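Enquirer: Below is the structure I would like to discuss, written out as structure tokens.
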Amino acid sequence: MSTEEKVIVFDTTLRDGEQAAGTRLGVREKLELAMQLARLGVDVIEAGFPISSPQDFEAVQLIAQQVAGPTICGLSRAVDKDIDSAGAALKKAKKARIHTGLGISDIHIASKFKDEKYGKTLKDKKEKAMDMGIKAVKRAKRYTDDVEFYCEDSGRADKEYLYKVIEAVIDAGATTVNIPDTTGYSIPEQFGQLIADIFKRVPNARKAIISVHCHDDLGMSVANTLAGVRNGARQIECTINGVGERAGNASLEESVMAIRTRKDFFGLDTKINTKELYKTSRMVSEMLGILVPPNKAIIGANAFAHSSGIHVDGFLKNPLTYEIIRPEDVGSPKSVVVLTARTGRHGLKHRLAELGYKVSEAELEPLYQRFLDIADKKTEVFDEDIAALVGDERRTIEHVYELVYLHVACGTGTLPTASVKIKTKGKDAPTTAAACGDGPVDAAYEAIRIATGQSPKLDLYTIKAVTGGKEALGEANVKVIDKNGVRFTGRGISTDIIEASAKAYVDAINRMVAEK
Ligand code: KIV
Ligand code: ZN
């Protein structure tokens, strides 16, 4: 464990994260995820909002009973019945926290406390809100010493008022004060300054932990979180994959890995076991049904994928040229070179070696040209494509016939027809032929028979996709029988299955002719 000062990691995937539109977790799922969060090493799990529904109450209660290690936290508004509900749900927790609070920006106070019972003027309402906050902290203290107070919408609040609220709730017993940028409105410099100003202007600020809770409406939640930490905040509130209300919350994996990777800058660390990040991310994605974008930092499918020739070349010489994190440090599958049309010969040769193929320089060039043909048609070339390519290239026999042109017309209500051009060894001009058939493959085979003058009987025909997706390579295999009853096999691959079928038939004919 490093000796740097620790930043407390407060995970709110089960509460704010689950507020993401269109998601709902069952009680058992929440428990399973809480157990994984404990393995990940978060310090606090905000397990839910117990008053909000009987299921949320049950989930918080179950997690409080069964999940050891982190502090278990329940959310409440600054209302007695909420706080009592959170207190009851957390009763069995070894370490319990109540997270209570209210909106403190003018817009929140004026809009939420419209009723005159909260006062006539905005000033009166603000006083009343502060009083409610103090009372809420005191009530939460009946259940646990560990009370966190949230000053909702701090990012847009009247700063002088915010300072007073913070001072008052710390005096009332709050051990952590949460400064949420609820609407994701802040700019990093500004948010960092807010945290710095809190330490300057609130006399008792150092008696509590100052926490930051940032939303991603302008895509700056992680930057704001880090600006907060840089200016003295020692708790970060995050969700796995950045899921959450609207555009979501600061992503835990990004915030934690920024602090870990740039220890030189922050001089801080967390207790997170980062090797569990990838697994936790996939669990959350699956449970919430929210896919992780491939380009997502740290845990996206492409986070450790290299594709362009220059990058692949550099990465293969030394991974540190293009990677600042080792995939194993976040539990991610190892770095990959994604083979595309931009990969280059070096990348292809490296992958061939990884797959166990020793190819000479002479063999590499034709393979690379065929690889480029496939890569142009498909976005990504898979290992199975490469294996099929090598197999095809190595079936070395003398090719008397070569299919140089194929056109097939077929469809509902039309007679399938095919025209081919076959180049015959030793002849300058290719032979052209056209034919009809029962289907496009049958028509192509008939045209090949006419063009080559060879007509072995088709005994067996199979076609399969070598890889997945609509641009998969198709592999056709055929068995033909010559007039003496001898069988020959043929194989063809292409992204076009009719072309793969035609190539397989020509291959079988070539083998038959070569044998003779
Ligand atoms: O974004 C927010 O302000 C919140 C509070 C309830 C902490 O989620
Ligand atoms: Zn929030």
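Each chain in the structure tokens gets a letter, A, B, ..., in the order shown, and its residues are numbered from 1; ligands are numbered from 1 in order too.
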Given a cut-off of 9 Å, what residues near ligand 1 show up using only C-alpha atoms and all ligand atoms, put as JSON, numbers by chain?

Expert: {"A": [12, 15, 16, 75, 76, 77, 99, 100, 101, 102, 103, 149, 150, 151, 152, 153, 154, 178, 179, 180, 181, 182, 183, 184, 213, 214, 215, 237, 245, 249]}

Enquirer: According to DSSP computed on the backbone, where in range 317-421 of chain A is there helix (DSSP H, G or I)? Give the residues as a compact mmCIF listing (two decimals) with C-alpha atoms, in the first residue's frame.

Expert:
# COMPACT_ATOMS: atom_id res chain seq x y z
CA LYS A 317 8.72 -2.16 -29.75
CA PRO A 319 4.13 -0.72 -24.99
CA LEU A 320 4.98 2.44 -23.04
CA THR A 321 5.22 4.36 -26.31
CA PRO A 327 -4.26 -3.34 -18.94
CA GLU A 328 -3.56 -5.88 -16.19
CA ASP A 329 -3.55 -3.03 -13.65
CA VAL A 330 -7.26 -2.47 -14.27
CA GLY A 344 0.88 -2.50 -41.70
CA ARG A 345 3.07 -5.51 -42.46
CA HIS A 346 4.81 -5.45 -39.09
CA GLY A 347 1.50 -5.75 -37.25
CA LEU A 348 0.34 -8.60 -39.49
CA LYS A 349 3.63 -10.45 -39.10
CA HIS A 350 3.46 -10.09 -35.33
CA ARG A 351 -0.08 -11.47 -35.22
CA LEU A 352 0.88 -14.35 -37.50
CA ALA A 353 3.70 -15.20 -35.09
CA GLU A 354 1.32 -14.98 -32.12
CA GLU A 361 9.35 -12.55 -46.11
CA ALA A 362 8.45 -14.06 -49.50
CA GLU A 363 5.25 -15.52 -48.07
CA LEU A 364 4.37 -12.36 -46.20
CA GLU A 365 3.89 -10.11 -49.21
CA PRO A 366 1.10 -12.08 -50.97
CA LEU A 367 -0.51 -12.71 -47.59
CA TYR A 368 -0.38 -9.00 -46.82
CA GLN A 369 -1.96 -8.13 -50.17
CA ARG A 370 -4.81 -10.58 -49.54
CA PHE A 371 -5.09 -9.32 -45.98
CA LEU A 372 -5.53 -5.77 -47.37
CA ASP A 373 -8.27 -7.00 -49.71
CA ILE A 374 -10.18 -8.44 -46.76
CA ALA A 375 -9.44 -5.46 -44.50
CA ASP A 376 -10.89 -3.14 -47.14
CA LYS A 377 -14.14 -5.08 -47.12
CA ASP A 383 -7.60 -14.27 -36.01
CA GLU A 384 -9.85 -16.80 -37.73
CA ASP A 385 -9.68 -14.73 -40.93
CA ILE A 386 -5.90 -14.81 -40.76
CA ALA A 387 -5.83 -18.57 -40.16
CA ALA A 388 -8.12 -19.11 -43.14
CA LEU A 389 -5.95 -16.85 -45.28
CA VAL A 390 -2.74 -18.67 -44.40
CA GLY A 391 -4.37 -22.05 -44.94
CA ASP A 392 -5.64 -20.92 -48.32
CA GLU A 393 -2.31 -19.43 -49.37
CA ARG A 394 -0.39 -22.54 -48.34

Enquirer: Need the shell around Gly173 in chain A: protein/DNA/RNA residues with any atom at most 12 Å away, counting only C-alpha atoms. Skip same-chain ones fewer than 4 positions apart. Format as a VMD selection string?

Expert: chain A and resid 98 133 to 142 144 to 149 166 to 169 177 204 207 to 209

Enquirer: When distances are computed from only C-alpha atoms and all ligand atoms, which of A:Ser53, A:Ser221, A:Thr23, A:Thr261 shows the smallest separation from ligand 2?

Expert: A:Ser221

Enquirer: Can you pull out the residues contacting Ala205 in chain A? Cut-off 12 Å, using only C-alpha atoms, and skip same-chain residues under 3 positions away; I want them as a PyMOL selection string.

Expert: chain A and resi 162-171+174-178+195-202+208-211+232-234

Enquirer: For the residues in that selection, give me N, CA and C atoms as a PDB file, in the first residue's frame.

Expert:
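Resulting contents of result.pdb:
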ATOM      1  N   LEU A 162     -23.545  29.397   1.121  1.00  0.00           N
ATOM      2  CA  LEU A 162     -22.988  28.040   1.185  1.00  0.00           C
ATOM      3  C   LEU A 162     -21.997  27.926   2.348  1.00  0.00           C
ATOM      4  N   TYR A 163     -21.117  28.929   2.509  1.00  0.00           N
ATOM      5  CA  TYR A 163     -20.138  28.872   3.597  1.00  0.00           C
ATOM      6  C   TYR A 163     -20.843  28.785   4.951  1.00  0.00           C
ATOM      7  N   LYS A 164     -21.925  29.564   5.093  1.00  0.00           N
ATOM      8  CA  LYS A 164     -22.637  29.578   6.382  1.00  0.00           C
ATOM      9  C   LYS A 164     -23.260  28.217   6.653  1.00  0.00           C
ATOM     10  N   VAL A 165     -23.851  27.622   5.588  1.00  0.00           N
ATOM     11  CA  VAL A 165     -24.495  26.313   5.766  1.00  0.00           C
ATOM     12  C   VAL A 165     -23.447  25.281   6.180  1.00  0.00           C
ATOM     13  N   ILE A 166     -22.316  25.308   5.494  1.00  0.00           N
ATOM     14  CA  ILE A 166     -21.273  24.313   5.817  1.00  0.00           C
ATOM     15  C   ILE A 166     -20.850  24.462   7.281  1.00  0.00           C
ATOM     16  N   GLU A 167     -20.613  25.696   7.680  1.00  0.00           N
ATOM     17  CA  GLU A 167     -20.158  25.917   9.061  1.00  0.00           C
ATOM     18  C   GLU A 167     -21.214  25.395  10.049  1.00  0.00           C
ATOM     19  N   ALA A 168     -22.474  25.706   9.752  1.00  0.00           N
ATOM     20  CA  ALA A 168     -23.550  25.331  10.672  1.00  0.00           C
ATOM     21  C   ALA A 168     -23.707  23.814  10.767  1.00  0.00           C
ATOM     22  N   VAL A 169     -23.639  23.114   9.625  1.00  0.00           N
ATOM     23  CA  VAL A 169     -23.866  21.659   9.705  1.00  0.00           C
ATOM     24  C   VAL A 169     -22.667  20.943  10.342  1.00  0.00           C
ATOM     25  N   ILE A 170     -21.464  21.513  10.166  1.00  0.00           N
ATOM     26  CA  ILE A 170     -20.300  20.898  10.848  1.00  0.00           C
ATOM     27  C   ILE A 170     -20.455  21.111  12.357  1.00  0.00           C
ATOM     28  N   ASP A 171     -20.883  22.311  12.747  1.00  0.00           N
ATOM     29  CA  ASP A 171     -21.119  22.556  14.175  1.00  0.00           C
ATOM     30  C   ASP A 171     -22.181  21.611  14.718  1.00  0.00           C
ATOM     31  N   ALA A 174     -21.967  17.212  11.496  1.00  0.00           N
ATOM     32  CA  ALA A 174     -21.661  16.536  10.217  1.00  0.00           C
ATOM     33  C   ALA A 174     -20.167  16.236  10.159  1.00  0.00           C
ATOM     34  N   THR A 175     -19.845  14.980   9.803  1.00  0.00           N
ATOM     35  CA  THR A 175     -18.432  14.588   9.742  1.00  0.00           C
ATOM     36  C   THR A 175     -17.895  14.690   8.314  1.00  0.00           C
ATOM     37  N   THR A 176     -18.811  14.690   7.354  1.00  0.00           N
ATOM     38  CA  THR A 176     -18.439  14.899   5.951  1.00  0.00           C
ATOM     39  C   THR A 176     -19.418  15.919   5.382  1.00  0.00           C
ATOM     40  N   VAL A 177     -18.921  16.850   4.587  1.00  0.00           N
ATOM     41  CA  VAL A 177     -19.835  17.783   3.904  1.00  0.00           C
ATOM     42  C   VAL A 177     -19.618  17.627   2.408  1.00  0.00           C
ATOM     43  N   ASN A 178     -20.729  17.328   1.739  1.00  0.00           N
ATOM     44  CA  ASN A 178     -20.704  17.053   0.309  1.00  0.00           C
ATOM     45  C   ASN A 178     -21.020  18.332  -0.464  1.00  0.00           C
ATOM     46  N   ILE A 195     -13.786  24.918  -3.844  1.00  0.00           N
ATOM     47  CA  ILE A 195     -13.313  24.065  -2.739  1.00  0.00           C
ATOM     48  C   ILE A 195     -12.210  24.789  -1.959  1.00  0.00           C
ATOM     49  N   ALA A 196     -11.311  25.441  -2.690  1.00  0.00           N
ATOM     50  CA  ALA A 196     -10.234  26.186  -2.010  1.00  0.00           C
ATOM     51  C   ALA A 196     -10.843  27.276  -1.125  1.00  0.00           C
ATOM     52  N   ASP A 197     -11.866  27.979  -1.647  1.00  0.00           N
ATOM     53  CA  ASP A 197     -12.497  29.063  -0.881  1.00  0.00           C
ATOM     54  C   ASP A 197     -13.209  28.537   0.362  1.00  0.00           C
ATOM     55  N   ILE A 198     -13.765  27.337   0.244  1.00  0.00           N
ATOM     56  CA  ILE A 198     -14.437  26.758   1.428  1.00  0.00           C
ATOM     57  C   ILE A 198     -13.420  26.625   2.564  1.00  0.00           C
ATOM     58  N   PHE A 199     -12.213  26.137   2.220  1.00  0.00           N
ATOM     59  CA  PHE A 199     -11.202  25.993   3.272  1.00  0.00           C
ATOM     60  C   PHE A 199     -10.758  27.354   3.821  1.00  0.00           C
ATOM     61  N   LYS A 200     -10.790  28.368   2.961  1.00  0.00           N
ATOM     62  CA  LYS A 200     -10.367  29.706   3.430  1.00  0.00           C
ATOM     63  C   LYS A 200     -11.456  30.365   4.275  1.00  0.00           C
ATOM     64  N   ARG A 201     -12.700  30.181   3.834  1.00  0.00           N
ATOM     65  CA  ARG A 201     -13.775  30.994   4.417  1.00  0.00           C
ATOM     66  C   ARG A 201     -14.598  30.304   5.493  1.00  0.00           C
ATOM     67  N   VAL A 202     -14.538  28.984   5.571  1.00  0.00           N
ATOM     68  CA  VAL A 202     -15.345  28.301   6.593  1.00  0.00           C
ATOM     69  C   VAL A 202     -14.403  27.926   7.744  1.00  0.00           C
ATOM     70  N   ALA A 208     -14.176  18.572   9.231  1.00  0.00           N
ATOM     71  CA  ALA A 208     -14.944  17.553   8.485  1.00  0.00           C
ATOM     72  C   ALA A 208     -14.183  17.222   7.203  1.00  0.00           C
ATOM     73  N   ILE A 209     -14.615  16.135   6.595  1.00  0.00           N
ATOM     74  CA  ILE A 209     -14.070  15.810   5.265  1.00  0.00           C
ATOM     75  C   ILE A 209     -14.919  16.574   4.248  1.00  0.00           C
ATOM     76  N   ILE A 210     -14.263  17.252   3.325  1.00  0.00           N
ATOM     77  CA  ILE A 210     -15.013  17.911   2.247  1.00  0.00           C
ATOM     78  C   ILE A 210     -15.040  16.945   1.062  1.00  0.00           C
ATOM     79  N   SER A 211     -16.270  16.691   0.614  1.00  0.00           N
ATOM     80  CA  SER A 211     -16.474  15.703  -0.441  1.00  0.00           C
ATOM     81  C   SER A 211     -16.941  16.393  -1.723  1.00  0.00           C
ATOM     82  N   GLY A 232      -8.159  20.264  -2.050  1.00  0.00           N
ATOM     83  CA  GLY A 232      -8.354  19.886  -0.644  1.00  0.00           C
ATOM     84  C   GLY A 232      -9.485  18.916  -0.354  1.00  0.00           C
ATOM     85  N   ALA A 233     -10.352  18.630  -1.337  1.00  0.00           N
ATOM     86  CA  ALA A 233     -11.420  17.656  -1.074  1.00  0.00           C
ATOM     87  C   ALA A 233     -10.760  16.304  -0.844  1.00  0.00           C
ATOM     88  N   ARG A 234     -11.243  15.554   0.123  1.00  0.00           N
ATOM     89  CA  ARG A 234     -10.635  14.251   0.395  1.00  0.00           C
ATOM     90  C   ARG A 234     -11.639  13.105   0.303  1.00  0.00           C
TER      91      ARG A 234
END

Enquirer: At a cut-off of 6 Å, using only C-alpha atoms, what residues contact range 409-422 of chain A? Leave out same-chain residues fewer than 2 positions from it and give the result as a list in words.

Expert: Glu402, Leu403, Val404, Tyr405, Leu406, His407, Pro430, Thr431, Thr432, Ala433, Ala434, Ala435, Cys436, Gly437, Gly439, Pro440, Ala443 and Ala444 of chain A

Enquirer: Print the selection's residues with C-alpha atoms to a file, as a PDB file, in the first residue's frame.

Expert:
ATOM      1  CA  GLU A 402      -7.940 -18.803 -62.154  1.00  0.00           C
ATOM      2  CA  LEU A 403     -11.289 -17.152 -61.627  1.00  0.00           C
ATOM      3  CA  VAL A 404     -10.810 -13.538 -62.700  1.00  0.00           C
ATOM      4  CA  TYR A 405     -14.397 -12.394 -63.050  1.00  0.00           C
ATOM      5  CA  LEU A 406     -17.725 -13.503 -61.671  1.00  0.00           C
ATOM      6  CA  HIS A 407     -21.108 -11.917 -62.034  1.00  0.00           C
ATOM      7  CA  PRO A 430      -9.435 -15.463 -70.458  1.00  0.00           C
ATOM      8  CA  THR A 431     -12.330 -17.696 -71.443  1.00  0.00           C
ATOM      9  CA  THR A 432     -15.776 -16.243 -70.891  1.00  0.00           C
ATOM     10  CA  ALA A 433     -18.870 -18.323 -70.256  1.00  0.00           C
ATOM     11  CA  ALA A 434     -22.400 -17.787 -69.001  1.00  0.00           C
ATOM     12  CA  ALA A 435     -24.970 -20.233 -67.693  1.00  0.00           C
ATOM     13  CA  CYS A 436     -28.261 -20.559 -65.818  1.00  0.00           C
ATOM     14  CA  GLY A 437     -28.866 -22.797 -62.843  1.00  0.00           C
ATOM     15  CA  GLY A 439     -29.553 -21.126 -57.833  1.00  0.00           C
ATOM     16  CA  PRO A 440     -26.659 -18.650 -58.031  1.00  0.00           C
ATOM     17  CA  ALA A 443     -25.322 -21.219 -62.223  1.00  0.00           C
ATOM     18  CA  ALA A 444     -21.744 -20.199 -61.365  1.00  0.00           C
TER      19      ALA A 444
END

Enquirer: I want to know what sits within 7 Å of Val338 in chain A, based on only C-alpha atoms, with residues of the same chain fewer than 5 positions away left out; could you give that as a PyMOL selection string?

Expert: chain A and resi 305-307+380

Enquirer: Nearest to ligand 2 among A:Tyr505, A:Tyr278, A:Phe10, A:Phe266, with distances taken over only C-alpha atoms and all ligand atoms: which residue is it?

Expert: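 Closest candidate: A:Phe10.
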
Enquirer: Using only C-alpha atoms, determine which residues lie at most 9 Å from range 55-61 of chain A, disregarding the query and same-chain residues fewer than 6 positions distant; provide the list as a PyMOL selection string.

Expert: chain A and resi 26-28+30-31+46-49+72-74+85-86+88-93

Enquirer: Kindly export the residues of the current selection with N, CA and C atoms, as a compact mmCIF listing (two decimals), in the first residue's frame.

Expert:
# COMPACT_ATOMS: atom_id res chain seq x y z
N GLY A 26 -32.82 -5.08 -9.09
CA GLY A 26 -33.53 -5.84 -8.06
C GLY A 26 -32.67 -5.90 -6.80
N VAL A 27 -33.30 -6.32 -5.70
CA VAL A 27 -32.61 -6.35 -4.40
C VAL A 27 -31.39 -7.28 -4.45
N ARG A 28 -31.57 -8.46 -5.07
CA ARG A 28 -30.46 -9.44 -5.15
C ARG A 28 -29.31 -8.90 -5.99
N LYS A 30 -28.56 -5.80 -6.40
CA LYS A 30 -27.88 -4.74 -5.64
C LYS A 30 -26.91 -5.35 -4.64
N LEU A 31 -27.34 -6.44 -4.02
CA LEU A 31 -26.47 -7.09 -3.04
C LEU A 31 -25.21 -7.63 -3.74
N GLU A 46 -22.91 3.91 -1.14
CA GLU A 46 -24.24 4.49 -0.93
C GLU A 46 -25.21 3.48 -1.52
N ALA A 47 -25.88 2.75 -0.63
CA ALA A 47 -26.64 1.57 -1.07
C ALA A 47 -28.04 1.90 -1.56
N GLY A 48 -28.54 3.09 -1.28
CA GLY A 48 -29.87 3.45 -1.77
C GLY A 48 -30.48 4.58 -0.97
N PHE A 49 -31.76 4.77 -1.21
CA PHE A 49 -32.52 5.87 -0.62
C PHE A 49 -33.72 5.18 0.08
N ILE A 72 -21.55 1.51 5.00
CA ILE A 72 -22.77 1.46 4.18
C ILE A 72 -23.58 2.72 4.49
N CYS A 73 -23.99 3.37 3.40
CA CYS A 73 -24.62 4.68 3.55
C CYS A 73 -26.03 4.66 2.95
N GLY A 74 -26.95 5.38 3.58
CA GLY A 74 -28.31 5.53 3.04
C GLY A 74 -28.61 7.01 2.86
N SER A 85 -36.04 6.41 8.48
CA SER A 85 -36.05 5.24 7.60
C SER A 85 -34.62 4.79 7.30
N ALA A 86 -33.75 5.76 6.99
CA ALA A 86 -32.34 5.43 6.71
C ALA A 86 -31.71 4.80 7.95
N ALA A 88 -33.16 3.13 10.31
CA ALA A 88 -33.68 1.77 10.51
C ALA A 88 -33.03 0.80 9.52
N ALA A 89 -32.92 1.22 8.25
CA ALA A 89 -32.34 0.32 7.23
C ALA A 89 -30.89 0.00 7.54
N LEU A 90 -30.20 0.93 8.17
CA LEU A 90 -28.75 0.76 8.39
C LEU A 90 -28.42 0.14 9.75
N LYS A 91 -29.46 -0.22 10.50
CA LYS A 91 -29.27 -0.66 11.89
C LYS A 91 -28.20 -1.73 12.04
N LYS A 92 -28.19 -2.71 11.13
CA LYS A 92 -27.26 -3.84 11.31
C LYS A 92 -25.87 -3.60 10.70
N ALA A 93 -25.65 -2.43 10.11
CA ALA A 93 -24.34 -2.21 9.47
C ALA A 93 -23.25 -2.08 10.53

Enquirer: From the DSSP assignment of the backbone, select every residue of range 199-313 of chain A that is strand (DSSP E), and format the answer as a list in words.

Expert: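 Reading the DSSP output for range 199-313 of chain A, strand (DSSP E) covers Ile209, Ile210, Ser211, Val212, His213, Cys214, Gln235, Ile236, Glu237, Cys238, Leu268, Asp269, Ala305 and His306 of chain A.
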
Enquirer: For all heavy atoms, I'd like the residues from the last selection saved as a short mmCIF file (atom, residue, chain, number, x, y, z; two decimals), in the first residue's frame.

Expert:
data_model
loop_
_atom_site.label_atom_id
_atom_site.label_comp_id
_atom_site.auth_asym_id
_atom_site.auth_seq_id
_atom_site.Cartn_x
_atom_site.Cartn_y
_atom_site.Cartn_z
N ILE A 209 -14.61 16.13 6.60
CA ILE A 209 -14.07 15.81 5.27
C ILE A 209 -14.92 16.57 4.25
O ILE A 209 -16.15 16.52 4.30
CB ILE A 209 -14.20 14.29 4.98
CG1 ILE A 209 -13.39 13.47 5.97
CG2 ILE A 209 -13.85 13.96 3.53
CD1 ILE A 209 -11.90 13.49 5.73
N ILE A 210 -14.26 17.25 3.33
CA ILE A 210 -15.01 17.91 2.25
C ILE A 210 -15.04 16.94 1.06
O ILE A 210 -14.02 16.43 0.63
CB ILE A 210 -14.38 19.27 1.85
CG1 ILE A 210 -14.37 20.23 3.06
CG2 ILE A 210 -15.11 19.89 0.65
CD1 ILE A 210 -15.73 20.63 3.61
N SER A 211 -16.27 16.69 0.61
CA SER A 211 -16.47 15.70 -0.44
C SER A 211 -16.94 16.39 -1.72
O SER A 211 -17.60 17.44 -1.67
CB SER A 211 -17.56 14.72 0.02
OG SER A 211 -17.80 13.75 -0.97
N VAL A 212 -16.60 15.80 -2.87
CA VAL A 212 -17.09 16.37 -4.14
C VAL A 212 -17.94 15.33 -4.87
O VAL A 212 -17.62 14.14 -4.86
CB VAL A 212 -15.94 16.88 -5.04
CG1 VAL A 212 -15.39 18.18 -4.51
CG2 VAL A 212 -14.83 15.85 -5.19
N HIS A 213 -19.01 15.81 -5.46
CA HIS A 213 -20.00 14.95 -6.11
C HIS A 213 -20.40 15.67 -7.41
O HIS A 213 -21.17 16.61 -7.38
CB HIS A 213 -21.19 14.79 -5.15
CG HIS A 213 -22.36 14.04 -5.69
ND1 HIS A 213 -22.83 12.88 -5.13
CD2 HIS A 213 -23.20 14.31 -6.73
CE1 HIS A 213 -23.87 12.45 -5.80
NE2 HIS A 213 -24.13 13.31 -6.78
N CYS A 214 -19.80 15.25 -8.53
CA CYS A 214 -19.97 16.03 -9.75
C CYS A 214 -20.75 15.28 -10.83
O CYS A 214 -20.54 14.09 -11.03
CB CYS A 214 -18.59 16.42 -10.29
SG CYS A 214 -17.67 17.40 -9.10
N GLN A 235 -12.78 13.37 -0.28
CA GLN A 235 -13.70 12.29 -0.64
C GLN A 235 -14.22 12.58 -2.04
O GLN A 235 -14.57 13.73 -2.35
CB GLN A 235 -14.86 12.18 0.35
CG GLN A 235 -15.87 11.09 -0.07
CD GLN A 235 -16.98 10.87 0.92
OE1 GLN A 235 -16.78 10.25 1.96
NE2 GLN A 235 -18.16 11.39 0.60
N ILE A 236 -14.27 11.54 -2.88
CA ILE A 236 -14.85 11.71 -4.21
C ILE A 236 -16.06 10.79 -4.33
O ILE A 236 -16.03 9.65 -3.89
CB ILE A 236 -13.82 11.42 -5.34
CG1 ILE A 236 -13.19 10.03 -5.22
CG2 ILE A 236 -12.74 12.49 -5.36
CD1 ILE A 236 -12.29 9.65 -6.40
N GLU A 237 -17.15 11.32 -4.89
CA GLU A 237 -18.37 10.53 -5.05
C GLU A 237 -18.52 10.21 -6.53
O GLU A 237 -18.56 11.10 -7.38
CB GLU A 237 -19.58 11.31 -4.52
CG GLU A 237 -19.30 11.75 -3.10
CD GLU A 237 -20.53 12.14 -2.27
OE1 GLU A 237 -21.66 12.07 -2.80
OE2 GLU A 237 -20.32 12.50 -1.10
N CYS A 238 -18.57 8.93 -6.82
CA CYS A 238 -18.49 8.49 -8.22
C CYS A 238 -19.42 7.30 -8.46
O CYS A 238 -19.92 6.69 -7.52
CB CYS A 238 -17.08 7.96 -8.53
SG CYS A 238 -15.74 8.98 -7.98
N LEU A 268 -1.39 11.91 -4.05
CA LEU A 268 -2.46 11.26 -3.29
C LEU A 268 -2.70 9.87 -3.84
O LEU A 268 -2.20 9.52 -4.91
CB LEU A 268 -3.76 12.06 -3.46
CG LEU A 268 -3.76 13.49 -2.93
CD1 LEU A 268 -4.95 14.25 -3.50
CD2 LEU A 268 -3.81 13.49 -1.40
N ASP A 269 -3.50 9.09 -3.15
CA ASP A 269 -3.89 7.78 -3.69
C ASP A 269 -5.24 7.38 -3.09
O ASP A 269 -5.79 8.10 -2.24
CB ASP A 269 -2.80 6.73 -3.36
CG ASP A 269 -2.84 5.56 -4.35
OD1 ASP A 269 -3.72 5.56 -5.24
OD2 ASP A 269 -2.02 4.66 -4.22
N ALA A 305 -6.41 -0.98 -27.30
CA ALA A 305 -6.34 -1.55 -28.65
C ALA A 305 -5.58 -0.60 -29.55
O ALA A 305 -5.81 0.60 -29.55
CB ALA A 305 -7.75 -1.77 -29.19
N HIS A 306 -4.65 -1.15 -30.30
CA HIS A 306 -3.82 -0.34 -31.20
C HIS A 306 -4.08 -0.79 -32.62
O HIS A 306 -4.17 -1.99 -32.89
CB HIS A 306 -2.34 -0.51 -30.85
CG HIS A 306 -2.08 -0.23 -29.40
ND1 HIS A 306 -1.79 1.02 -28.93
CD2 HIS A 306 -2.14 -1.04 -28.32
CE1 HIS A 306 -1.65 0.96 -27.62
NE2 HIS A 306 -1.86 -0.28 -27.22
#
